[in-house]
Each structure stands twice: as structure tokens, then as C-alpha cells.
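Trainee: If it helps, the file is called my_file21.pdb and holds PDB, C-alpha atoms:
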```pdb
ATOM      1  CA  MET A  22       4.868  44.414  11.593
ATOM      2  CA  SER A  23       3.714  45.506   8.138
ATOM      3  CA  ILE A  24       4.106  43.111   5.247
ATOM      4  CA  ASP A  25       4.607  43.740   1.552
ATOM      5  CA  ARG A  26       2.170  41.166   0.199
ATOM      6  CA  THR A  27       3.259  41.641  -3.409
ATOM      7  CA  ARG A  28       6.866  40.869  -2.505
ATOM      8  CA  VAL A  29       5.904  37.918  -0.307
ATOM      9  CA  LYS A  30       3.812  36.441  -3.116
ATOM     10  CA  ALA A  31       6.687  36.915  -5.575
ATOM     11  CA  LEU A  32       8.962  34.937  -3.261
ATOM     12  CA  SER A  33       6.509  32.273  -2.163
ATOM     13  CA  GLN A  34       4.348  31.475  -5.190
ATOM     14  CA  PRO A  35       7.115  29.923  -7.345
ATOM     15  CA  LEU A  36       8.033  27.698  -4.404
ATOM     16  CA  ILE A  37       4.413  26.736  -3.800
ATOM     17  CA  ASP A  38       4.104  25.791  -7.485
ATOM     18  CA  LYS A  39       7.297  23.728  -7.308
ATOM     19  CA  ILE A  40       6.328  21.898  -4.097
ATOM     20  CA  SER A  41       2.809  21.203  -5.355
ATOM     21  CA  LYS A  42       4.182  19.660  -8.544
ATOM     22  CA  ALA A  43       6.979  17.713  -6.837
ATOM     23  CA  LEU A  44       4.722  16.131  -4.205
ATOM     24  CA  GLY A  45       1.513  15.876  -6.193
ATOM     25  CA  VAL A  46      -0.519  17.900  -3.713
ATOM     26  CA  PRO A  47      -2.852  20.836  -4.378
ATOM     27  CA  GLU A  48      -1.904  24.367  -3.546
ATOM     28  CA  ARG A  49      -3.365  25.549  -0.258
ATOM     29  CA  PRO A  50      -4.060  28.982   1.225
ATOM     30  CA  VAL A  51      -1.150  30.469   3.203
ATOM     31  CA  ARG A  52      -1.053  33.580   5.372
ATOM     32  CA  PHE A  53       2.199  35.277   6.349
ATOM     33  CA  ARG A  54       3.111  37.191   9.478
ATOM     34  CA  LEU A  55       6.440  38.971   9.788
ATOM     35  CA  THR A  56       8.299  38.958  13.084
ATOM     36  CA  THR A  57      11.268  40.976  14.318
ATOM     37  CA  ASN A  58      12.859  37.834  15.777
ATOM     38  CA  ALA A  59      16.075  37.111  13.894
ATOM     39  CA  PHE A  60      16.242  33.990  11.694
ATOM     40  CA  TYR A  61      12.788  32.818  12.766
ATOM     41  CA  ALA A  62      10.379  30.592  10.847
ATOM     42  CA  ARG A  63       7.412  28.666  12.243
ATOM     43  CA  THR A  64       4.256  27.323  10.631
ATOM     44  CA  THR A  65       0.883  26.862  12.253
ATOM     45  CA  ILE A  66      -0.818  24.202  10.185
ATOM     46  CA  ASN A  67      -4.502  24.257   9.400
ATOM     47  CA  TRP A  68      -6.588  22.130   7.099
ATOM     48  CA  PRO A  69      -8.462  23.753   4.211
ATOM     49  CA  PRO A  70     -10.369  25.922   3.884
ATOM     50  CA  GLU A  71      -8.493  27.584   6.761
ATOM     51  CA  PRO A  72      -5.090  28.961   5.693
ATOM     52  CA  ALA A  73      -1.833  27.810   7.205
ATOM     53  CA  ILE A  74       0.020  30.619   8.979
ATOM     54  CA  VAL A  75       3.743  31.160   8.451
ATOM     55  CA  THR A  76       5.372  33.433  11.015
ATOM     56  CA  ILE A  77       8.743  34.386   9.609
ATOM     57  CA  SER A  78      11.557  36.907   9.979
ATOM     58  CA  GLU A  79      12.889  39.057   7.174
ATOM     59  CA  GLU A  80      16.124  37.016   7.043
ATOM     60  CA  SER A  81      14.289  33.712   6.763
ATOM     61  CA  LEU A  82      11.830  35.060   4.209
ATOM     62  CA  ASN A  83      14.774  35.881   1.951
ATOM     63  CA  ASP A  84      16.321  32.424   2.503
ATOM     64  CA  LEU A  85      14.437  30.382  -0.099
ATOM     65  CA  PRO A  86      15.306  26.895   1.270
ATOM     66  CA  VAL A  87      13.989  27.922   4.699
ATOM     67  CA  LEU A  88      10.870  29.357   3.082
ATOM     68  CA  ALA A  89      10.452  26.139   1.053
ATOM     69  CA  HIS A  90      10.659  24.092   4.257
ATOM     70  CA  GLU A  91       7.838  26.104   5.850
ATOM     71  CA  LEU A  92       5.680  26.098   2.720
ATOM     72  CA  THR A  93       5.959  22.318   2.545
ATOM     73  CA  HIS A  94       4.423  22.191   6.020
ATOM     74  CA  CYS A  95       1.570  24.287   4.626
ATOM     75  CA  LEU A  96       0.919  22.063   1.619
ATOM     76  CA  VAL A  97       1.265  18.772   3.512
ATOM     77  CA  PRO A  98      -0.333  19.441   6.903
ATOM     78  CA  THR A  99       0.009  16.608   9.415
ATOM     79  CA  ARG A 100       0.498  16.128  13.136
ATOM     80  CA  SER A 101       3.022  13.335  12.476
ATOM     81  CA  LEU A 102       6.472  14.850  12.934
ATOM     82  CA  LEU A 103       8.107  12.002  11.003
ATOM     83  CA  LEU A 104       6.061  12.898   7.939
ATOM     84  CA  ALA A 105       5.903  16.672   8.489
ATOM     85  CA  GLU A 106       9.643  17.112   8.974
ATOM     86  CA  GLY A 107      10.430  14.398   6.465
ATOM     87  CA  PHE A 108       8.683  16.165   3.595
ATOM     88  CA  ALA A 109       9.795  19.658   4.669
ATOM     89  CA  THR A 110      13.449  18.702   5.199
ATOM     90  CA  TRP A 111      13.580  16.788   1.912
ATOM     91  CA  ILE A 112      12.267  19.797  -0.039
ATOM     92  CA  GLY A 113      14.392  22.266   1.940
ATOM     93  CA  CYS A 114      17.623  20.345   1.359
ATOM     94  CA  GLU A 115      16.895  19.887  -2.334
ATOM     95  CA  THR A 116      16.210  23.622  -2.636
ATOM     96  CA  ARG A 117      19.488  24.370  -0.837
ATOM     97  CA  GLY A 118      21.400  21.764  -2.818
ATOM     98  CA  ASP A 119      23.017  20.208   0.261
ATOM     99  CA  CYS A 120      22.510  19.370   3.953
ATOM    100  CA  SER A 121      24.354  22.390   5.352
ATOM    101  CA  ASP A 122      21.281  23.689   7.193
ATOM    102  CA  PHE A 123      21.753  20.695   9.488
ATOM    103  CA  PHE A 124      25.561  21.066   9.622
ATOM    104  CA  PHE A 125      26.306  18.002   7.534
ATOM    105  CA  GLN A 126      28.663  18.253   4.580
ATOM    106  CA  GLU A 127      26.892  15.763   2.313
ATOM    107  CA  SER A 128      25.111  17.084  -0.776
ATOM    108  CA  THR A 129      21.986  14.880  -0.445
ATOM    109  CA  VAL A 130      19.990  13.426   2.433
ATOM    110  CA  ASP A 131      20.744   9.911   1.171
ATOM    111  CA  ASP A 132      24.486  10.593   1.171
ATOM    112  CA  ALA A 133      24.158  11.827   4.763
ATOM    113  CA  MET A 134      22.381   8.576   5.673
ATOM    114  CA  ARG A 135      25.112   6.450   4.153
ATOM    115  CA  ALA A 136      27.779   8.425   6.004
ATOM    116  CA  HIS A 137      26.048   7.979   9.376
ATOM    117  CA  LEU A 138      24.159   4.708   8.922
ATOM    118  CA  ASP A 139      25.170   3.284  12.296
ATOM    119  CA  ALA A 140      23.988   6.394  14.167
ATOM    120  CA  LEU A 141      20.420   6.618  12.831
ATOM    121  CA  ALA A 142      17.472   6.534  15.221
ATOM    122  CA  PRO A 143      14.949   3.759  14.496
ATOM    123  CA  ILE A 144      12.106   4.915  12.261
ATOM    124  CA  ARG A 145       9.627   3.539  14.813
ATOM    125  CA  GLU A 146      10.940   6.026  17.386
ATOM    126  CA  LEU A 147      10.625   8.914  14.947
ATOM    127  CA  ALA A 148       7.113   7.807  13.957
ATOM    128  CA  ALA A 149       5.995   8.053  17.609
ATOM    129  CA  GLU A 150       6.675  11.801  17.764
ATOM    130  CA  PHE A 151       3.868  14.380  17.687
ATOM    131  CA  PRO A 152       3.784  18.074  18.682
ATOM    132  CA  GLY A 153       3.011  17.252  22.315
ATOM    133  CA  ALA A 154       5.556  14.460  22.616
ATOM    134  CA  ARG A 155       8.903  14.941  20.948
ATOM    135  CA  ARG A 156      12.512  14.064  21.589
ATOM    136  CA  TYR A 157      14.173  14.281  18.210
ATOM    137  CA  PHE A 158      12.157  16.869  16.271
ATOM    138  CA  ASP A 159      12.864  19.778  18.606
ATOM    139  CA  VAL A 160      14.443  22.917  17.160
ATOM    140  CA  ALA A 161      15.487  24.017  20.651
ATOM    141  CA  GLU A 162      17.687  20.891  20.812
ATOM    142  CA  SER A 163      19.186  21.291  17.341
ATOM    143  CA  PHE A 164      22.697  21.544  18.771
ATOM    144  CA  ARG A 165      22.485  17.761  19.330
ATOM    145  CA  ASP A 166      23.818  15.541  16.552
ATOM    146  CA  ASP A 167      21.009  12.994  16.980
ATOM    147  CA  VAL A 168      18.357  15.695  16.601
ATOM    148  CA  ARG A 169      19.866  17.129  13.414
ATOM    149  CA  LEU A 170      20.375  13.636  12.045
ATOM    150  CA  ALA A 171      16.737  12.750  12.801
ATOM    151  CA  TYR A 172      15.513  15.454  10.420
ATOM    152  CA  LEU A 173      17.671  14.055   7.615
ATOM    153  CA  THR A 174      16.644  10.483   8.465
ATOM    154  CA  ALA A 175      12.987  11.454   8.163
ATOM    155  CA  ALA A 176      13.696  13.210   4.862
ATOM    156  CA  SER A 177      15.502  10.251   3.310
ATOM    157  CA  PHE A 178      12.931   7.718   4.513
ATOM    158  CA  VAL A 179       9.915   9.791   3.441
ATOM    159  CA  LYS A 180      11.485  10.483   0.049
ATOM    160  CA  TRP A 181      12.143   6.756  -0.459
ATOM    161  CA  CYS A 182       8.556   5.902   0.516
ATOM    162  CA  THR A 183       7.162   8.589  -1.791
ATOM    163  CA  VAL A 184       9.119   7.333  -4.804
ATOM    164  CA  ARG A 185       7.527   3.932  -4.266
ATOM    165  CA  HIS A 186       4.115   5.199  -3.211
ATOM    166  CA  PRO A 187       3.457   8.565  -4.906
ATOM    167  CA  ALA A 188       0.108   8.949  -3.143
ATOM    168  CA  LEU A 189       1.853   9.351   0.241
ATOM    169  CA  PRO A 190       2.004  13.188   0.295
ATOM    170  CA  ALA A 191      -1.664  13.599  -0.672
ATOM    171  CA  LYS A 192      -2.748  10.903   1.790
ATOM    172  CA  THR A 193      -0.652  12.508   4.522
ATOM    173  CA  ALA A 194      -2.414  15.829   3.978
ATOM    174  CA  GLN A 195      -5.821  14.309   4.697
ATOM    175  CA  ARG A 196      -6.805  15.277   8.220
ATOM    176  CA  GLU A 197      -7.954  11.802   9.215
ATOM    177  CA  ASN A 198      -4.570  10.237   8.396
ATOM    178  CA  ASP A 199      -2.714  11.262  11.553
ATOM    179  CA  ASP A 200      -1.191   7.830  12.275
ATOM    180  CA  PRO A 201       1.968   7.493  10.157
ATOM    181  CA  VAL A 202       2.418   3.810  10.961
ATOM    182  CA  ALA A 203      -1.089   2.891   9.800
ATOM    183  CA  LEU A 204      -0.833   5.134   6.743
ATOM    184  CA  LEU A 205       2.476   3.675   5.574
ATOM    185  CA  GLN A 206       1.278   0.136   6.208
ATOM    186  CA  ASP A 207      -1.953   0.717   4.273
ATOM    187  CA  LEU A 208      -0.089   2.148   1.283
ATOM    188  CA  SER A 209       2.723  -0.389   1.181
ATOM    189  CA  GLY A 210       1.250  -3.566   2.635
ATOM    190  CA  GLN A 211       4.354  -3.786   4.812
ATOM    191  CA  THR A 212       5.061  -3.126   8.477
ATOM    192  CA  LEU A 213       7.135  -0.105   9.467
ATOM    193  CA  ASP A 214      10.026  -2.371  10.427
ATOM    194  CA  GLN A 215       9.918  -4.045   7.003
ATOM    195  CA  LEU A 216       9.910  -0.648   5.308
ATOM    196  CA  GLU A 217      12.878   0.505   7.364
ATOM    197  CA  ARG A 218      14.885  -2.596   6.512
ATOM    198  CA  ALA A 219      14.150  -2.146   2.807
ATOM    199  CA  TRP A 220      15.038   1.569   2.953
ATOM    200  CA  ARG A 221      18.335   0.862   4.712
ATOM    201  CA  ALA A 222      19.131  -1.908   2.229
ATOM    202  CA  SER A 223      18.501   0.501  -0.660
ATOM    203  CA  LEU A 224      20.978   2.990   0.801
ATOM    204  CA  VAL A 225      23.671   0.324   0.961
ATOM    205  CA  ALA A 226      22.826  -1.030  -2.495
ATOM    206  CA  ASN A 227      22.914   2.407  -4.087
ATOM    207  CA  ALA A 228      26.255   3.130  -2.453
ATOM    208  CA  ALA A 229      27.685  -0.108  -3.834
ATOM    209  CA  SER A 230      26.458   0.718  -7.345
ATOM    210  CA  GLN A 231      28.082   4.149  -7.430
ATOM    211  CA  PRO A 232      31.423   4.319  -9.279
ATOM    212  CA  SER A 233      34.519   4.858  -7.170
ATOM    213  CA  ALA A 234      36.276   8.208  -7.354
ATOM    214  CA  SER A 235      39.287   8.335  -9.623
ATOM    215  CA  ALA A 236      42.687   8.261  -7.952
TER     216      ALA A 236
END
```
Take the structure in the file and give it back as C-alpha cells.

Mentor:
Amino acid sequence: MSIDRTRVKALSQPLIDKISKALGVPERPVRFRLTTNAFYARTTINWPPEPAIVTISEESLNDLPVLAHELTHCLVPTRSLLLAEGFATWIGCETRGDCSDFFFQESTVDDAMRAHLDALAPIRELAAEFPGARRYFDVAESFRDDVRLAYLTAASFVKWCTVRHPALPAKTAQRENDDPVALLQDLSGQTLDQLERAWRASLVANAASQPSASA
């Protein structure tokens, strides 16, 4: 299928600039392929100097939050699905302005966490998922509540870790850092379980500090 490269660059380059700045990672080469499949978007990650390849439908190309999600995969390549989907879902939801892509009504990933705190999968389970071994991060299973919630869990947790350890996105994108548990422990000096407890505590604390709605 032919592709209008000028139009694709006009849509993608502002997002690439935004993601690069937000995550503190360099821009990376990206190649696009258009498909006739409806509402389709998939990224084949590569490490520089090889370009990442985004295979995308016309509908998804015009949907900027979906495009932002895929471009985040390009700029932060990793085999860890916790980190890959965490960064991409965080950026996608912020671009959208809510969590509606995952059929949750909350306006931020953190609000979604607070609303479903008792239903969240353990971070250790999410950290064990890679392309060849997945339970939660499976688009084909996205009709399941626990799958959709896993994407938002990863986004909230990865965002929280990045605020505290800004080097996380750039470290994640280094090919040798394919173990999310070791990477997070090296950056933070804490175990994954300690990080999860602190993240969950921050969600509760932030909820308590928010003013109540007026009657």
C-alpha cells in the first residue's frame, strides 16, 4: 500500500519530538508501513541504527494517541512488556487525555489505579512478561478486565518510577537492559516488592490529599 511520507512525517514528527522531550530519550529512526486492516497498529522494535517499523492502518494513523503509543515503543525499545507497555500506555493516555482507550472512565492512569486498587495484578507478575510469554499484555485478550487494567497498572507504575528516577527511559532503551527487575533495582536500590509497596502507598496518599468535591 502506497504511503504519503510527507503526510506521515507531519503527523508523526511532532509526537516524536514530544515523546523524546517528555522521556529524555533521543529520537530514533522510524519506518512506516500502511495496512488495509482496520484499526491496526503494531510496532516491530529494533535498536539503532536499524529503524523501528510501525505497521499501521489509515484509521490508526489519524488517531494521534494510538500513533503516540506506537512511537513510544520506537523511542524506548525493550523486550520487557512491563516497561514497553508502561511507557507507551502512559504517553498514549496523556495524549488522549483519559483512559477511554482501555474502557475506563477515569481521566488519568493514577485515578484508574485508585478506583481499582484491589483488582491490580502484582507488579512482579507483570515484570515476568516478555513477547514469548504473556498473559496480561495480549491485545487479543483485551476484552478481559484484568488485561486492560494491566496496561494501566504498568503505565502508572512506570510513570511513578520515572518521576523518581528520570534515567529509567534511557536505561530501558539500552539493548543490554532487558531485565526490568534488575534495572529497577539498580536504579532505585530497592527490590521490586519494595517499589510496588511505595507506589501503592503514594496512590493512597495522593487520594487522601485531594480536596473533596463540593456538595

Trainee: Residue by residue, what does the PyMOL selection byres ((chain A and resi 177) around 10) grab here? Present the result as an NGL selection string.

Mentor: :A and (107-108 or 110-111 or 129-134 or 171-176 or 178-183 or 220-221 or 224)

Trainee: Once the PyMOL selection byres ((chain A and resi 138-154) around 6) has been evaluated on this model, what residues remain selected, and can you format them as a list in words?

Mentor: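 That selection, the PyMOL selection byres ((chain A and resi 138-154) around 6), comes back as Arg100, Ser101, Leu102, Leu103, Met134, Arg135, Ala136, His137 and Arg155 of chain A.
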
Trainee: Return the single residue from A:Ala194, A:Ala109, A:Leu96, A:Ala31 that is closest to Glu48 in chain A, with distances computed using only C-alpha atoms.

Mentor: A:Leu96

Trainee: Do you know which residues are at most 7 Å from Leu208 in chain A counting only C-alpha atoms, after dropping those on the same chain fewer than 3 positions away, and could you put them as a list in words?

Mentor: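 Once the adjacent positions are removed, what remains is His186, Leu204 and Leu205 of chain A.
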
Trainee: For CA of Asp119 in chain A and CA of Val87 in chain A, determine how far apart the two atoms are, in Å to one decimal place.

Mentor: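 Taking CA of Asp119 in chain A and CA of Val87 in chain A, their separation equals 12.7 Å.
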
Trainee: Which residue out of A:Gln211, A:Cys95, A:Ser23, A:Leu32 has the minimum interatomic distance to Glu71 in chain A when all atoms listed in the file are used?

Mentor: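 Nearest candidate to Glu71 in chain A out of A:Gln211, A:Cys95, A:Ser23, A:Leu32: A:Cys95.
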
Trainee: Expand the PyMOL selection byres ((chain A and resi 67) around 10) into the individual residues it matches in the shown file, reporting them as a PyMOL selection string.

Mentor: chain A and resi 49-51+64-66+68-74+94-99+196

Trainee: Rounded to one decimal place, report the CA of Ser78 in chain A-CA of Arg63 in chain A distance in Å.

Mentor: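 Separation of CA of Ser78 in chain A and CA of Arg63 in chain A: 9.5 Å.
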
Trainee: Hey, which of A:Leu170, A:Ala219, A:Val184, A:Leu104 ends up closest to Asn198 in chain A? Count all atoms listed in the file.

Mentor: A:Leu104

Trainee: Any idea what the distance is between CA of Ser163 in chain A and CA of Phe125 in chain A?

Mentor: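 Those two atoms sit 12.6 Å apart.
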
Trainee: Find the smallest box with edges along x, y and z containing every listed atom of range 42-59 of chain A, then add 6 Å on each side and report centre and edge lengths in Å to one decimal, as lines of an AutoDock Vina configuration file.

Mentor:
```
center_x = 6.0
center_y = 28.4
center_z = 3.6
size_x = 32.1
size_y = 37.1
size_z = 36.3
```

Trainee: Which residue is closest to Ala59 in chain A? Choose from A:Leu82, A:Cys120, A:Ala89, A:Ala228 and count all atoms listed in the file.

Mentor: A:Leu82

Trainee: Go through A:Ala188, A:Ala43, A:Ile37, A:Leu216 one by one, measure the shortest atom-to-atom distance of each to Glu91 in chain A using all atoms listed in the file, and give the residue with the smallest value.

Mentor: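 So, comparing all the options, the nearest one is A:Ile37.
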